[in-house]
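As stored in final16.cif (mmCIF, C-alpha atoms):
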```
data_upload
#
loop_
_atom_site.label_atom_id
_atom_site.label_comp_id
_atom_site.auth_asym_id
_atom_site.auth_seq_id
_atom_site.Cartn_x
_atom_site.Cartn_y
_atom_site.Cartn_z
CA MET M 15 46.34 37.95 37.32
CA THR M 16 43.96 40.74 36.32
CA SER M 17 43.93 39.56 32.71
CA LEU M 18 43.14 36.01 33.82
CA ARG M 19 40.24 37.21 35.94
CA THR M 20 38.93 39.37 33.09
CA ALA M 21 39.12 36.46 30.66
CA ALA M 22 37.39 34.11 33.07
CA LEU M 23 34.66 36.66 33.71
CA GLY M 24 34.19 37.10 29.98
CA LEU M 25 33.69 33.37 29.49
CA THR M 26 31.19 33.25 32.35
CA VAL M 27 29.18 36.11 30.86
CA LEU M 28 29.32 34.51 27.41
CA ALA M 29 28.09 31.16 28.69
CA ALA M 30 25.33 32.78 30.71
CA GLY M 31 24.22 34.89 27.77
CA CYS M 32 23.90 31.86 25.53
CA ALA M 33 22.07 29.71 28.04
CA THR M 34 19.70 32.02 29.88
CA GLY M 35 17.43 35.00 29.45
CA GLY M 36 16.04 33.88 26.11
CA ALA M 37 12.53 34.29 24.79
CA THR M 38 9.98 32.19 26.65
CA LEU M 39 8.18 29.69 24.43
CA GLN M 40 4.70 30.80 23.43
CA GLN M 41 3.07 28.77 20.70
CA PHE M 42 1.45 30.57 17.79
CA ASN M 43 -2.32 30.18 17.60
CA ALA M 44 -3.19 30.28 13.90
CA GLN M 45 -6.86 30.72 14.75
CA GLY M 46 -6.30 33.59 17.15
CA GLU M 47 -5.50 36.37 14.69
CA THR M 48 -5.60 36.66 10.91
CA LEU M 49 -2.15 37.38 9.50
CA LYS M 50 -1.45 38.08 5.86
CA THR M 51 1.49 40.50 5.97
CA ILE M 52 4.42 40.24 8.37
CA ALA M 53 6.89 43.07 8.92
CA LEU M 54 10.29 41.54 9.60
CA ILE M 55 12.37 43.83 11.80
CA SER M 56 15.86 44.08 10.30
CA VAL M 57 17.99 41.31 11.76
CA PRO M 58 21.16 42.55 13.50
CA ASN M 59 24.65 41.25 13.01
CA PRO M 60 26.46 39.91 16.09
CA VAL M 61 29.23 42.03 17.56
CA GLN M 62 31.52 39.18 16.51
CA TYR M 63 31.31 35.60 15.27
CA THR M 64 32.16 33.51 18.28
CA ALA M 65 34.17 30.32 18.75
CA VAL M 66 34.33 28.69 22.20
CA ASP M 67 35.93 25.41 23.22
CA TYR M 68 33.63 24.45 26.09
CA GLY M 69 35.03 20.93 25.83
CA SER M 70 38.64 21.96 26.42
CA LYS M 71 40.57 19.86 28.92
CA ALA M 72 41.57 23.16 30.51
CA GLY M 73 38.10 23.18 32.04
CA MET M 74 39.32 20.54 34.48
CA PHE M 75 41.54 23.10 36.19
CA GLY M 76 39.04 25.44 37.81
CA ALA M 77 39.33 29.20 37.47
CA ILE M 78 42.74 29.06 35.80
CA GLY M 79 41.40 26.60 33.24
CA GLY M 80 38.35 28.79 32.69
CA ALA M 81 40.60 31.77 32.08
CA ALA M 82 42.57 29.75 29.53
CA ILE M 83 39.36 28.76 27.73
CA ALA M 84 38.23 32.40 27.69
CA ALA M 85 41.59 33.56 26.34
CA ASP M 86 41.45 30.92 23.59
CA ALA M 87 37.85 31.91 22.83
CA LYS M 88 38.90 35.52 22.36
CA THR M 89 41.63 34.56 19.90
CA MET M 90 39.49 32.05 18.00
CA SER M 91 36.54 34.45 17.83
CA GLU M 92 38.74 37.18 16.38
CA THR M 93 39.99 34.73 13.77
CA LEU M 94 36.50 33.49 12.89
CA THR M 95 35.19 37.05 12.65
CA LYS M 96 38.05 38.03 10.33
CA THR M 97 37.38 34.94 8.20
CA ALA M 98 33.67 35.72 7.94
CA LYS M 99 34.30 39.32 6.94
CA GLU M 100 36.90 38.36 4.33
CA ALA M 101 34.42 35.88 2.82
CA ASN M 102 31.62 38.46 2.96
CA PHE M 103 29.55 36.25 5.25
CA ASP M 104 26.84 38.36 6.84
CA TYR M 105 24.49 36.83 9.44
CA SER M 106 21.99 39.65 9.10
CA ARG M 107 21.71 39.22 5.35
CA GLU M 108 21.66 35.41 5.53
CA MET M 109 19.02 35.19 8.27
CA GLN M 110 16.81 37.86 6.70
CA ALA M 111 16.90 36.19 3.31
CA ALA M 112 16.14 32.78 4.79
CA VAL M 113 13.24 34.04 6.93
CA ILE M 114 11.69 36.04 4.08
CA ASP M 115 11.97 33.08 1.71
CA ARG M 116 10.38 30.63 4.15
CA LEU M 117 7.57 32.96 5.18
CA LYS M 118 6.71 33.67 1.54
CA ARG M 119 6.62 29.93 0.90
CA ALA M 120 4.21 29.66 3.84
CA GLY M 121 1.90 32.14 2.11
CA TYR M 122 2.77 35.39 3.88
CA LYS M 123 3.61 38.72 2.34
CA VAL M 124 6.79 40.05 3.97
CA VAL M 125 8.15 43.57 4.30
CA VAL M 126 11.28 44.68 6.15
CA VAL M 127 11.27 47.50 8.71
CA ARG M 128 14.02 48.97 10.85
CA ALA M 129 14.09 49.48 14.59
CA GLU M 130 16.51 50.49 17.33
CA ARG M 131 17.58 47.74 19.69
CA GLU M 132 19.74 47.90 22.81
CA ALA M 133 22.11 45.16 21.66
CA PRO M 134 22.31 42.71 18.73
CA HIS M 135 21.87 39.72 21.06
CA SER M 136 18.59 41.12 22.41
CA LEU M 137 15.09 41.50 21.03
CA VAL M 138 13.60 44.97 20.60
CA SER M 139 12.49 46.30 24.00
CA ASP M 140 9.60 48.52 22.84
CA TYR M 141 7.61 47.50 19.77
CA ALA M 142 5.38 50.57 20.09
CA LYS M 143 8.26 52.50 18.53
CA VAL M 144 8.48 50.21 15.51
CA PRO M 145 6.47 51.29 12.42
CA ALA M 146 4.41 48.37 11.17
CA GLY M 147 2.81 50.11 8.17
CA GLU M 148 0.08 47.92 6.69
CA ALA M 149 1.51 44.74 8.22
CA ASP M 150 -0.56 42.58 10.56
CA ALA M 151 2.36 41.61 12.79
CA LEU M 152 6.00 42.37 13.57
CA LEU M 153 8.59 39.58 13.60
CA ASP M 154 11.79 40.09 15.60
CA VAL M 155 14.90 37.89 15.33
CA ASP M 156 18.12 38.68 17.21
CA ALA M 157 21.72 37.39 17.09
CA ARG M 158 22.22 35.67 20.45
CA PHE M 159 25.19 33.48 19.38
CA VAL M 160 26.61 32.94 15.91
CA GLY M 161 29.69 30.80 15.41
CA TYR M 162 31.14 27.49 16.53
CA SER M 163 31.58 25.67 19.81
CA THR M 164 32.41 22.31 21.30
CA TYR M 165 29.97 20.69 23.73
CA ASN M 166 32.03 19.09 26.51
CA ILE M 167 35.17 17.09 27.14
CA THR M 168 33.53 13.87 25.89
CA ASP M 169 32.12 15.58 22.80
CA PRO M 170 34.97 17.89 21.74
CA ASP M 171 34.21 18.45 18.04
CA PHE M 172 33.58 22.01 16.94
CA ARG M 173 30.11 22.32 15.45
CA PRO M 174 28.11 25.30 14.14
CA TYR M 175 26.18 27.01 16.90
CA VAL M 176 23.58 29.58 15.92
CA SER M 177 21.16 30.78 18.57
CA ALA M 178 18.40 33.34 18.19
CA ASP M 179 15.41 34.64 20.10
CA VAL M 180 12.30 35.02 17.96
CA ARG M 181 9.17 37.01 18.78
CA LEU M 182 6.03 37.83 16.78
CA VAL M 183 3.79 40.65 18.02
CA SER M 184 0.47 42.00 16.82
CA ALA M 185 0.80 45.21 14.80
CA LYS M 186 -2.47 46.46 16.32
CA THR M 187 -1.99 45.71 20.01
CA ARG M 188 1.73 44.78 20.22
CA ALA M 189 0.64 41.70 22.15
CA VAL M 190 2.97 38.71 21.80
CA LEU M 191 1.59 36.13 19.37
CA TYR M 192 4.57 33.77 19.34
CA SER M 193 7.99 33.64 20.98
CA GLU M 194 10.82 31.12 21.24
CA GLN M 195 14.54 30.78 21.85
CA ILE M 196 16.05 28.51 19.20
CA MET M 197 19.49 26.91 19.21
CA PHE M 198 20.94 25.26 16.12
CA GLY M 199 23.82 22.85 16.56
CA TYR M 200 24.32 23.04 20.32
CA HIS M 201 22.64 20.46 22.54
CA ASN M 202 22.17 20.76 26.27
CA PRO M 203 19.33 18.92 28.06
CA PHE M 204 19.41 21.47 30.87
CA MET M 205 18.55 24.39 28.58
CA SER M 206 14.92 25.25 27.90
CA ALA M 207 15.53 26.53 24.37
CA THR M 208 14.31 24.58 21.34
CA GLN M 209 17.36 22.67 20.13
CA LEU M 210 17.76 21.85 16.44
CA PRO M 211 20.56 19.47 15.40
CA SER M 212 23.26 20.30 12.89
CA ASP M 213 24.56 17.86 10.31
CA LYS M 214 27.83 16.23 11.35
CA LYS M 215 29.31 17.13 7.98
CA TYR M 216 29.84 20.55 9.58
CA TYR M 217 31.76 19.11 12.56
CA PHE M 218 35.52 19.68 12.91
CA LYS M 219 37.95 17.87 15.21
CA ASP M 220 39.51 21.15 16.34
CA PHE M 221 39.67 24.85 15.49
CA ASP M 222 42.66 24.39 13.18
CA ALA M 223 40.65 21.88 11.13
CA LEU M 224 37.78 24.35 11.02
CA MET M 225 40.02 27.09 9.69
CA ALA M 226 41.56 24.69 7.18
CA ASP M 227 38.17 24.38 5.47
CA LYS M 228 36.73 27.89 5.68
CA PRO M 229 34.05 27.46 2.98
CA ARG M 230 32.54 24.49 4.82
CA ALA M 231 32.85 26.29 8.16
CA LEU M 232 30.91 29.29 6.86
CA GLU M 233 28.39 27.00 5.16
CA GLY M 234 27.73 25.45 8.58
CA MET M 235 26.68 28.84 9.99
CA ARG M 236 24.64 29.57 6.87
CA GLU M 237 22.89 26.25 7.33
CA GLY M 238 21.98 27.38 10.83
CA THR M 239 20.08 30.39 9.50
CA LYS M 240 18.17 28.20 7.07
CA VAL M 241 17.22 25.59 9.67
CA ILE M 242 16.06 28.26 12.12
CA ALA M 243 14.06 30.01 9.39
CA ASP M 244 12.44 26.70 8.41
CA HIS M 245 11.48 26.10 12.03
CA VAL M 246 9.95 29.57 12.47
CA ALA M 247 7.93 29.24 9.25
CA GLN M 248 6.63 25.88 10.43
CA ARG M 249 5.62 27.42 13.75
CA LEU M 250 3.70 30.16 11.92
CA ALA M 251 2.05 27.86 9.41
CA THR M 252 -1.69 28.46 9.19
CA LYS M 253 -2.62 25.17 7.54
#
```
Spell out the structure here as structure tokens.
Amino acid sequence: MTSLRTAALGLTVLAAGCATGGATLQQFNAQGETLKTIALISVPNPVQYTAVDYGSKAGMFGAIGGAAIAADAKTMSETLTKTAKEANFDYSREMQAAVIDRLKRAGYKVVVVRAEREAPHSLVSDYAKVPAGEADALLDVDARFVGYSTYNITDPDFRPYVSADVRLVSAKTRAVLYSEQIMFGYHNPFMSATQLPSDKKYYFKDFDALMADKPRALEGMREGTKVIADHVAQRLATK
């Protein structure tokens, strides 16, 4: 019974972490501050790559069903994490490369700086401690959720789900210039995050099908980093 309760609690925390507490949307004002160089704070890797079957029929059976979903999520997440590591898939590297590439295309000079953060799924809590060098602004991207999930019982396909909080702060004042929570692949009309669709070519009928085509599964997560990076660069466009 204790293990069931622990698993159910874990699923509740996971769902809450993905849906709430993200960065509040603040649009970037291109006329408000001149930016030429952006210091990208090193993007963290998630503790694990996560797979959750929110659409499992087990969800129809209350707490016991929730515990079953959580237990399955634990097993699937361990498998997905092992698969990613064996294939040398690295969210931090992929997201950083995508963001740097898109920002450079948008006309910015980009440097990478390091900073301490409380957890990989959270933004840096104190930007005053982050060295900005000659940069005009600091850009922070976390690893809120990276992996795969289903949506609900009527939409049970596994699809890539990459969610990140993004925040840009002035290097001079540390005032927030832009912030947003972005979700790639997962759609929920009750969430306030910006939701970007994923291509259905990265959908799988179940987790076994996902694991049967590992290259495409990992490409789905990689696509998430690119789409999010494209979106951020568009938000920060000055023309």
List the residues selected by the PyMOL selection byres ((chain M and resi 231-241) around 9) in the file shown, writing them as number ranges by chain.
M: 97-98, 101, 103, 105, 108-113, 116, 160-162, 173-177, 197-199, 210, 212-213, 215-218, 224-230, 242-246
By how many Å are CA of Ser136 (chain M) and CA of Tyr63 (chain M) apart?
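It comes out at 15.6 Å.
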The PyMOL selection byres ((chain M and resi 166-170) around 6) - which residues does that actually catch in the file I just gave you? List them as a list in words.
Tyr68, Gly69, Thr164, Tyr165 and Asp171 of chain M
For the file shown, report as a VMD selection string the outcome of the PyMOL selection byres ((chain M and resi 131) around 12) at residue level.
chain M and resid 55 to 59 128 to 130 132 to 141 143 to 144 154 to 157
From the list M:Leu49, M:Arg119, M:Glu92, M:Ala87, which residue is nearest Ala247 (chain M) when using all atoms listed in the file?
M:Arg119
Given all atoms listed in the file as the basis, pick out the residue of M:Phe221, M:Val126, M:Leu250, M:Lys214 nearest to Tyr192 (chain M).
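So, comparing all the options, the nearest one is M:Leu250.
CA of Gln209 (chain M) sits 25.0 Å away from CA of Ala223 (chain M).
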CA of Pro145 (chain M) to CA of Val61 (chain M): how many Å, to one decimal?
25.1 Å
Which one of M:Leu182, M:Leu94, M:Leu54, M:Ala84 sits closest to Lys123 (chain M) if you count only C-alpha atoms?
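The answer is M:Leu54, which sits nearest to Lys123 (chain M).
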